[in-house]
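The next block is run.cif, given as mmCIF, C-alpha atoms and all ligand atoms; chains and numbers go by the auth columns.
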data_structure
#
loop_
_atom_site.group_PDB
_atom_site.id
_atom_site.type_symbol
_atom_site.label_atom_id
_atom_site.label_comp_id
_atom_site.label_asym_id
_atom_site.label_seq_id
_atom_site.Cartn_x
_atom_site.Cartn_y
_atom_site.Cartn_z
_atom_site.B_iso_or_equiv
_atom_site.auth_seq_id
_atom_site.auth_asym_id
ATOM 1 C CA MET A 1 -10.770 54.289 280.446 0.00 1 A
ATOM 2 C CA THR A 2 -7.074 54.848 281.099 0.00 2 A
ATOM 3 C CA PHE A 3 -5.793 55.465 284.595 0.00 3 A
ATOM 4 C CA LEU A 4 -5.167 59.147 283.839 0.00 4 A
ATOM 5 C CA GLU A 5 -8.700 59.557 282.485 0.00 5 A
ATOM 6 C CA LEU A 6 -10.045 58.028 285.687 0.00 6 A
ATOM 7 C CA ALA A 7 -7.841 60.226 287.877 0.00 7 A
ATOM 8 C CA LYS A 8 -8.997 63.345 286.027 0.00 8 A
ATOM 9 C CA LEU A 9 -12.641 62.316 286.357 0.00 9 A
ATOM 10 C CA ARG A 10 -12.461 62.113 290.161 0.00 10 A
ATOM 11 C CA PHE A 11 -13.604 65.261 291.875 0.00 11 A
ATOM 12 C CA SER A 12 -14.860 66.416 295.257 0.00 12 A
ATOM 13 C CA SER A 13 -18.607 66.266 294.914 0.00 13 A
ATOM 14 C CA ARG A 14 -20.768 68.091 297.426 0.00 14 A
ATOM 15 C CA LYS A 15 -24.162 67.529 295.773 0.00 15 A
ATOM 16 C CA TYR A 16 -25.662 64.108 296.043 0.00 16 A
ATOM 17 C CA LYS A 17 -28.650 62.199 294.812 0.00 17 A
ATOM 18 C CA SER A 18 -30.708 60.563 297.544 0.00 18 A
ATOM 19 C CA GLN A 19 -30.416 57.290 295.611 0.00 19 A
ATOM 20 C CA PRO A 20 -28.874 54.667 297.891 0.00 20 A
ATOM 21 C CA VAL A 21 -25.514 53.149 297.030 0.00 21 A
ATOM 22 C CA GLU A 22 -25.666 49.424 296.357 0.00 22 A
ATOM 23 C CA ASN A 23 -24.012 47.260 298.978 0.00 23 A
ATOM 24 C CA GLU A 24 -21.848 45.510 296.394 0.00 24 A
ATOM 25 C CA LYS A 25 -20.435 48.883 295.332 0.00 25 A
ATOM 26 C CA ILE A 26 -19.673 49.815 298.928 0.00 26 A
ATOM 27 C CA LEU A 27 -17.868 46.510 299.320 0.00 27 A
ATOM 28 C CA LYS A 28 -15.933 47.143 296.121 0.00 28 A
ATOM 29 C CA VAL A 29 -14.588 50.511 297.260 0.00 29 A
ATOM 30 C CA LEU A 30 -13.637 48.967 300.596 0.00 30 A
ATOM 31 C CA GLU A 31 -11.838 46.186 298.759 0.00 31 A
ATOM 32 C CA ALA A 32 -9.864 48.867 296.931 0.00 32 A
ATOM 33 C CA ALA A 33 -8.785 50.222 300.318 0.00 33 A
ATOM 34 C CA ARG A 34 -7.893 46.747 301.534 0.00 34 A
ATOM 35 C CA VAL A 35 -5.368 46.169 298.756 0.00 35 A
ATOM 36 C CA ALA A 36 -3.641 49.521 299.154 0.00 36 A
ATOM 37 C CA PRO A 37 0.062 49.502 299.932 0.00 37 A
ATOM 38 C CA SER A 38 1.287 50.615 303.337 0.00 38 A
ATOM 39 C CA ALA A 39 4.668 51.117 304.915 0.00 39 A
ATOM 40 C CA SER A 40 6.094 47.711 305.820 0.00 40 A
ATOM 41 C CA ASN A 41 2.628 46.319 304.941 0.00 41 A
ATOM 42 C CA LYS A 42 1.361 47.246 308.402 0.00 42 A
ATOM 43 C CA GLN A 43 -2.140 48.123 307.102 0.00 43 A
ATOM 44 C CA PRO A 44 -2.815 50.340 310.128 0.00 44 A
ATOM 45 C CA TRP A 45 -6.387 51.184 309.170 0.00 45 A
ATOM 46 C CA LYS A 46 -9.952 50.696 310.272 0.00 46 A
ATOM 47 C CA PHE A 47 -12.974 51.931 308.341 0.00 47 A
ATOM 48 C CA VAL A 48 -16.342 52.624 309.906 0.00 48 A
ATOM 49 C CA VAL A 49 -19.126 52.622 307.317 0.00 49 A
ATOM 50 C CA PHE A 50 -22.384 54.409 308.029 0.00 50 A
ATOM 51 C CA THR A 51 -25.382 53.510 305.865 0.00 51 A
ATOM 52 C CA GLN A 52 -28.356 53.293 308.214 0.00 52 A
ATOM 53 C CA PRO A 53 -30.429 56.375 309.166 0.00 53 A
ATOM 54 C CA GLU A 54 -29.679 56.085 312.871 0.00 54 A
ATOM 55 C CA SER A 55 -25.914 55.751 312.515 0.00 55 A
ATOM 56 C CA LEU A 56 -25.844 58.310 309.694 0.00 56 A
ATOM 57 C CA SER A 57 -27.542 60.935 311.845 0.00 57 A
ATOM 58 C CA LYS A 58 -24.784 60.369 314.386 0.00 58 A
ATOM 59 C CA ALA A 59 -22.124 60.485 311.668 0.00 59 A
ATOM 60 C CA TYR A 60 -23.472 63.812 310.371 0.00 60 A
ATOM 61 C CA GLN A 61 -22.514 65.331 313.739 0.00 61 A
ATOM 62 C CA MET A 62 -18.837 64.896 312.844 0.00 62 A
ATOM 63 C CA TYR A 63 -18.949 67.751 310.332 0.00 63 A
ATOM 64 C CA HIS A 64 -21.504 70.523 310.138 0.00 64 A
ATOM 65 C CA ARG A 65 -22.303 71.214 306.515 0.00 65 A
ATOM 66 C CA GLU A 66 -25.722 70.889 304.949 0.00 66 A
ATOM 67 C CA TRP A 67 -24.360 69.101 301.870 0.00 67 A
ATOM 68 C CA PHE A 68 -22.656 66.510 304.072 0.00 68 A
ATOM 69 C CA LYS A 69 -26.027 65.499 305.493 0.00 69 A
ATOM 70 C CA GLN A 70 -27.172 64.506 301.997 0.00 70 A
ATOM 71 C CA ALA A 71 -24.577 61.741 301.704 0.00 71 A
ATOM 72 C CA PRO A 72 -26.248 58.314 301.848 0.00 72 A
ATOM 73 C CA VAL A 73 -22.964 56.658 302.821 0.00 73 A
ATOM 74 C CA VAL A 74 -20.261 58.052 305.092 0.00 74 A
ATOM 75 C CA ILE A 75 -16.945 56.343 305.738 0.00 75 A
ATOM 76 C CA LEU A 76 -14.793 57.249 308.711 0.00 76 A
ATOM 77 C CA ALA A 77 -11.197 56.273 308.028 0.00 77 A
ATOM 78 C CA CYS A 78 -9.198 55.688 311.185 0.00 78 A
ATOM 79 C CA ALA A 79 -5.559 54.913 311.853 0.00 79 A
ATOM 80 C CA GLU A 80 -4.327 52.353 314.324 0.00 80 A
ATOM 81 C CA VAL A 81 -1.439 54.602 315.125 0.00 81 A
ATOM 82 C CA ASP A 82 0.340 52.081 317.322 0.00 82 A
ATOM 83 C CA LYS A 83 0.339 49.527 314.481 0.00 83 A
ATOM 84 C CA ALA A 84 1.859 51.803 311.839 0.00 84 A
ATOM 85 C CA TRP A 85 5.452 51.587 310.723 0.00 85 A
ATOM 86 C CA VAL A 86 7.770 54.078 312.412 0.00 86 A
ATOM 87 C CA ARG A 87 10.967 55.118 310.686 0.00 87 A
ATOM 88 C CA ALA A 88 13.858 54.570 313.085 0.00 88 A
ATOM 89 C CA GLU A 89 15.961 57.515 311.962 0.00 89 A
ATOM 90 C CA ASP A 90 13.484 60.221 312.930 0.00 90 A
ATOM 91 C CA ASN A 91 10.600 58.363 314.586 0.00 91 A
ATOM 92 C CA LYS A 92 8.182 59.367 311.824 0.00 92 A
ATOM 93 C CA ASN A 93 4.939 57.432 312.164 0.00 93 A
ATOM 94 C CA HIS A 94 3.598 56.568 308.705 0.00 94 A
ATOM 95 C CA ALA A 95 -0.085 56.097 309.589 0.00 95 A
ATOM 96 C CA ASP A 96 -1.200 59.304 307.854 0.00 96 A
ATOM 97 C CA ILE A 97 0.571 58.345 304.636 0.00 97 A
ATOM 98 C CA ASP A 98 -0.870 54.828 304.693 0.00 98 A
ATOM 99 C CA LEU A 99 -4.381 56.102 305.315 0.00 99 A
ATOM 100 C CA ALA A 100 -4.111 58.653 302.519 0.00 100 A
ATOM 101 C CA ILE A 101 -3.226 55.931 300.035 0.00 101 A
ATOM 102 C CA ALA A 102 -6.093 53.689 301.108 0.00 102 A
ATOM 103 C CA ILE A 103 -8.569 56.557 301.030 0.00 103 A
ATOM 104 C CA ASP A 104 -7.426 57.583 297.579 0.00 104 A
ATOM 105 C CA HIS A 105 -7.915 54.016 296.379 0.00 105 A
ATOM 106 C CA ILE A 106 -11.510 54.367 297.577 0.00 106 A
ATOM 107 C CA THR A 107 -12.058 57.636 295.730 0.00 107 A
ATOM 108 C CA LEU A 108 -10.697 56.250 292.476 0.00 108 A
ATOM 109 C CA GLN A 109 -12.613 52.983 292.689 0.00 109 A
ATOM 110 C CA ALA A 110 -15.747 54.973 293.454 0.00 110 A
ATOM 111 C CA THR A 111 -15.145 57.130 290.391 0.00 111 A
ATOM 112 C CA GLU A 112 -14.920 54.054 288.205 0.00 112 A
ATOM 113 C CA LEU A 113 -18.317 53.005 289.587 0.00 113 A
ATOM 114 C CA ASN A 114 -19.793 56.437 288.714 0.00 114 A
ATOM 115 C CA LEU A 115 -19.946 57.277 292.395 0.00 115 A
ATOM 116 C CA ALA A 116 -18.855 60.541 293.946 0.00 116 A
ATOM 117 C CA THR A 117 -16.747 61.158 297.015 0.00 117 A
ATOM 118 C CA CYS A 118 -15.450 64.034 299.046 0.00 118 A
ATOM 119 C CA TRP A 119 -12.527 63.886 301.420 0.00 119 A
ATOM 120 C CA ILE A 120 -13.237 65.651 304.702 0.00 120 A
ATOM 121 C CA CYS A 121 -10.475 66.385 307.207 0.00 121 A
ATOM 122 C CA ASN A 122 -11.938 69.557 308.695 0.00 122 A
ATOM 123 C CA PHE A 123 -14.209 67.570 310.970 0.00 123 A
ATOM 124 C CA TYR A 124 -14.661 67.718 314.750 0.00 124 A
ATOM 125 C CA VAL A 125 -11.956 65.336 315.877 0.00 125 A
ATOM 126 C CA GLU A 126 -12.679 65.205 319.608 0.00 126 A
ATOM 127 C CA LYS A 127 -16.412 64.960 319.052 0.00 127 A
ATOM 128 C CA THR A 128 -15.845 62.117 316.607 0.00 128 A
ATOM 129 C CA LYS A 129 -13.771 60.217 319.161 0.00 129 A
ATOM 130 C CA GLN A 130 -16.543 60.657 321.728 0.00 130 A
ATOM 131 C CA LEU A 131 -19.438 59.872 319.394 0.00 131 A
ATOM 132 C CA PHE A 132 -17.985 56.508 318.454 0.00 132 A
ATOM 133 C CA ASN A 133 -16.044 55.693 321.617 0.00 133 A
ATOM 134 C CA LEU A 134 -12.806 55.393 319.712 0.00 134 A
ATOM 135 C CA PRO A 135 -10.064 53.700 321.748 0.00 135 A
ATOM 136 C CA ALA A 136 -7.017 55.818 322.567 0.00 136 A
ATOM 137 C CA HIS A 137 -4.809 54.181 319.921 0.00 137 A
ATOM 138 C CA ILE A 138 -7.349 54.904 317.159 0.00 138 A
ATOM 139 C CA GLU A 139 -7.031 58.247 315.386 0.00 139 A
ATOM 140 C CA PRO A 140 -9.785 59.442 313.062 0.00 140 A
ATOM 141 C CA ILE A 141 -7.939 60.625 309.957 0.00 141 A
ATOM 142 C CA ALA A 142 -10.576 61.520 307.396 0.00 142 A
ATOM 143 C CA ILE A 143 -14.220 61.225 306.530 0.00 143 A
ATOM 144 C CA LEU A 144 -15.292 60.250 303.058 0.00 144 A
ATOM 145 C CA THR A 145 -18.715 60.648 301.518 0.00 145 A
ATOM 146 C CA LEU A 146 -19.934 58.102 299.002 0.00 146 A
ATOM 147 C CA ALA A 147 -22.923 58.822 296.805 0.00 147 A
ATOM 148 C CA TYR A 148 -24.318 59.203 293.336 0.00 148 A
ATOM 149 C CA PRO A 149 -23.432 62.759 292.343 0.00 149 A
ATOM 150 C CA GLU A 150 -25.909 65.446 291.422 0.00 150 A
ATOM 151 C CA ASP A 151 -23.138 67.536 289.885 0.00 151 A
ATOM 152 C CA ASN A 152 -20.666 66.768 287.113 0.00 152 A
ATOM 153 C CA SER A 153 -16.945 66.532 286.920 0.00 153 A
ATOM 154 C CA ASN A 154 -14.997 68.447 284.309 0.00 154 A
ATOM 155 C CA PRO A 155 -11.773 66.574 283.538 0.00 155 A
ATOM 156 C CA GLU A 156 -10.457 69.681 281.728 0.00 156 A
ATOM 157 C CA ARG A 157 -10.427 71.650 285.002 0.00 157 A
ATOM 158 C CA HIS A 158 -7.019 70.225 285.836 0.00 158 A
ATOM 159 C CA ASN A 159 -5.589 72.479 283.143 0.00 159 A
ATOM 160 C CA PHE A 160 -6.297 75.522 285.308 0.00 160 A
ATOM 161 C CA GLN A 161 -6.988 74.199 288.827 0.00 161 A
ATOM 162 C CA ARG A 162 -3.640 72.483 289.219 0.00 162 A
ATOM 163 C CA LYS A 163 -0.108 73.761 289.201 0.00 163 A
ATOM 164 C CA LYS A 164 1.825 73.247 286.012 0.00 164 A
ATOM 165 C CA LEU A 165 4.162 70.285 285.757 0.00 165 A
ATOM 166 C CA GLU A 166 7.191 72.562 285.449 0.00 166 A
ATOM 167 C CA ASP A 167 6.229 74.236 288.735 0.00 167 A
ATOM 168 C CA ILE A 168 6.252 70.987 290.713 0.00 168 A
ATOM 169 C CA VAL A 169 8.914 68.849 289.072 0.00 169 A
ATOM 170 C CA ASN A 170 12.650 69.337 289.134 0.00 170 A
ATOM 171 C CA TRP A 171 14.747 66.982 287.087 0.00 171 A
ATOM 172 C CA GLU A 172 17.992 65.556 288.381 0.00 172 A
ATOM 173 C CA THR A 173 18.489 68.128 291.174 0.00 173 A
ATOM 174 C CA PHE A 174 16.228 70.087 293.530 0.00 174 A
ATOM 175 C CA ASN A 175 17.232 73.565 292.344 0.00 175 A
HETATM 176 C C1 LIG B . -6.588 65.599 302.795 0.00 1 B
HETATM 177 C C2 LIG B . -7.794 66.322 302.259 0.00 1 B
HETATM 178 C C3 LIG B . -8.670 66.964 303.126 0.00 1 B
HETATM 179 C C4 LIG B . -9.818 67.595 302.651 0.00 1 B
HETATM 180 N N1 LIG B . -10.724 68.123 303.548 0.00 1 B
HETATM 181 C C5 LIG B . -11.855 68.686 303.074 0.00 1 B
HETATM 182 C C6 LIG B . -12.840 69.175 303.984 0.00 1 B
HETATM 183 O O1 LIG B . -12.707 69.107 305.198 0.00 1 B
HETATM 184 N N2 LIG B . -13.968 69.734 303.453 0.00 1 B
HETATM 185 C C7 LIG B . -14.190 69.812 302.105 0.00 1 B
HETATM 186 O O2 LIG B . -15.236 70.299 301.698 0.00 1 B
HETATM 187 N N3 LIG B . -13.260 69.357 301.220 0.00 1 B
HETATM 188 C C8 LIG B . -12.118 68.788 301.678 0.00 1 B
HETATM 189 N N4 LIG B . -11.187 68.293 300.794 0.00 1 B
HETATM 190 C C9 LIG B . -11.408 68.412 299.343 0.00 1 B
HETATM 191 C C10 LIG B . -10.431 69.408 298.710 0.00 1 B
HETATM 192 O O3 LIG B . -10.861 70.714 298.968 0.00 1 B
HETATM 193 C C11 LIG B . -10.360 69.109 297.199 0.00 1 B
HETATM 194 O O4 LIG B . -9.826 67.811 297.016 0.00 1 B
HETATM 195 C C12 LIG B . -9.470 70.096 296.452 0.00 1 B
HETATM 196 O O5 LIG B . -10.018 71.402 296.498 0.00 1 B
HETATM 197 C C13 LIG B . -9.297 69.701 294.990 0.00 1 B
HETATM 198 O O6 LIG B . -10.560 69.558 294.367 0.00 1 B
HETATM 199 P P1 LIG B . -11.021 68.192 293.718 0.00 1 B
HETATM 200 O O7 LIG B . -10.999 67.137 294.784 0.00 1 B
HETATM 201 O O8 LIG B . -12.430 68.444 293.219 0.00 1 B
HETATM 202 O O9 LIG B . -10.066 67.852 292.619 0.00 1 B
HETATM 203 C C14 LIG B . -10.055 67.655 301.257 0.00 1 B
HETATM 204 C C15 LIG B . -9.163 67.005 300.384 0.00 1 B
HETATM 205 C C16 LIG B . -8.066 66.340 300.877 0.00 1 B
HETATM 206 C C17 LIG B . -7.156 65.615 299.908 0.00 1 B
#

As structure tokens - that is how I would like this structure written.
Amino acid sequence: MTFLELAKLRFSSRKYKSQPVENEKILKVLEAARVAPSASNKQPWKFVVFTQPESLSKAYQMYHREWFKQAPVVILACAEVDKAWVRAEDNKNHADIDLAIAIDHITLQATELNLATCWICNFYVEKTKQLFNLPAHIEPIAILTLAYPEDNSNPERHNFQRKKLEDIVNWETFN
């Protein structure tokens, strides 16, 4: 499979089999996050992995959707905001960018393993901080589901679900 084939195969799955995800596969997707690039190599991330019924039932409180409660594995991706690189010129903290790259590594590695994922950012942020006693310098950035999918991906969908290349790329000058 080429990289582009893999990228087109990834999709946001919201229908999962109850089949558990093997531990070695969970470790593999986490390894993909570990090797992700980050600004100034600060690696300002922490991942909380929920696999056990007790912790999962707590994790399901972060986001109220019935489909979410079917996920056998939930990963909470957090930023150590105070560890991230900050650009001097405008004080821009790069934690969000770094986390997005690491999370996307997870989604693509999962796809290669025939696993499904769904990014979730519309979760209850304050509740999440309370549920897991997150320290003040830790910001929950996104939740990711990890599961065997019940639904299928259609790689052709990118032909109509994405903007056209000419609408997003300008060559040599912005306008
Ligand atoms: C940063 C980010 C946040 C997202 N948050 C949610 C979310 O809270 N709930 C949800 O169901 N999907 C969420 N999604 C999934 C997007 O809706 C989905 O990626 C987009 O519609 C494109 O579809 P695809 O992932 O199947 O290609 C999120 C995706 C990204 C990248």

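Environment of ligand LIG 1 (chain B), defined as every protein or nucleic acid residue with an atom within 6 Å of it and counting only C-alpha atoms and all ligand atoms, comprises Phe11, Ser12, Cys118, Trp119, Ile120, Cys121 and Asn122 of chain A.
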
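The shortest atom-to-atom distance to Val21 in chain A, with all atoms listed in the file taken into account, belongs to A:Pro149 out of A:Pro149, A:Pro44, A:Asp90, A:Thr128.
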
Between CA of Ala32 in chain A and CA of Leu115 in chain A, distance in Å (one decimal): 13.9 Å

Point (-6.3, 71.5, 289.9) neighbourhood (12 Å, all atoms listed in the file) written as a PyMOL selection string: chain A and resi 7-12+154-165

Selection near Lys58 in chain A, 10 Å with all atoms listed in the file, sequence-local residues under 5 positions removed, as a ChimeraX atom specification: /A:50,53,128,131-132

Write out as a compact mmCIF listing (two decimals) with C-alpha atoms, in the frame of the given file which residues come within 12 Å of Glu31 in chain A when counting all atoms listed in the file, dropping same-chain ones fewer than 3 positions away.
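Dumped everything to around.txt:
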# COMPACT_ATOMS: atom_id res chain seq x y z
CA GLU A 24 -21.85 45.51 296.39
CA LYS A 25 -20.43 48.88 295.33
CA ILE A 26 -19.67 49.82 298.93
CA LEU A 27 -17.87 46.51 299.32
CA LYS A 28 -15.93 47.14 296.12
CA ARG A 34 -7.89 46.75 301.53
CA VAL A 35 -5.37 46.17 298.76
CA ALA A 36 -3.64 49.52 299.15
CA PHE A 47 -12.97 51.93 308.34
CA ALA A 102 -6.09 53.69 301.11
CA ILE A 103 -8.57 56.56 301.03
CA HIS A 105 -7.92 54.02 296.38
CA ILE A 106 -11.51 54.37 297.58
CA THR A 107 -12.06 57.64 295.73
CA LEU A 108 -10.70 56.25 292.48
CA GLN A 109 -12.61 52.98 292.69
CA ALA A 110 -15.75 54.97 293.45

Residue IDs satisfying the PyMOL selection byres (((chain A and resi 76) around 10) and not hetatm), as number ranges by chain: A: 46-50, 59, 62, 74-75, 77-78, 103, 120, 128, 140-145

Distance query Tyr60 in chain A at most 9 Å, only C-alpha atoms, self and fewer than 5 positions along chain excluded, as number ranges by chain: A: 55, 65, 68-69, 71, 74
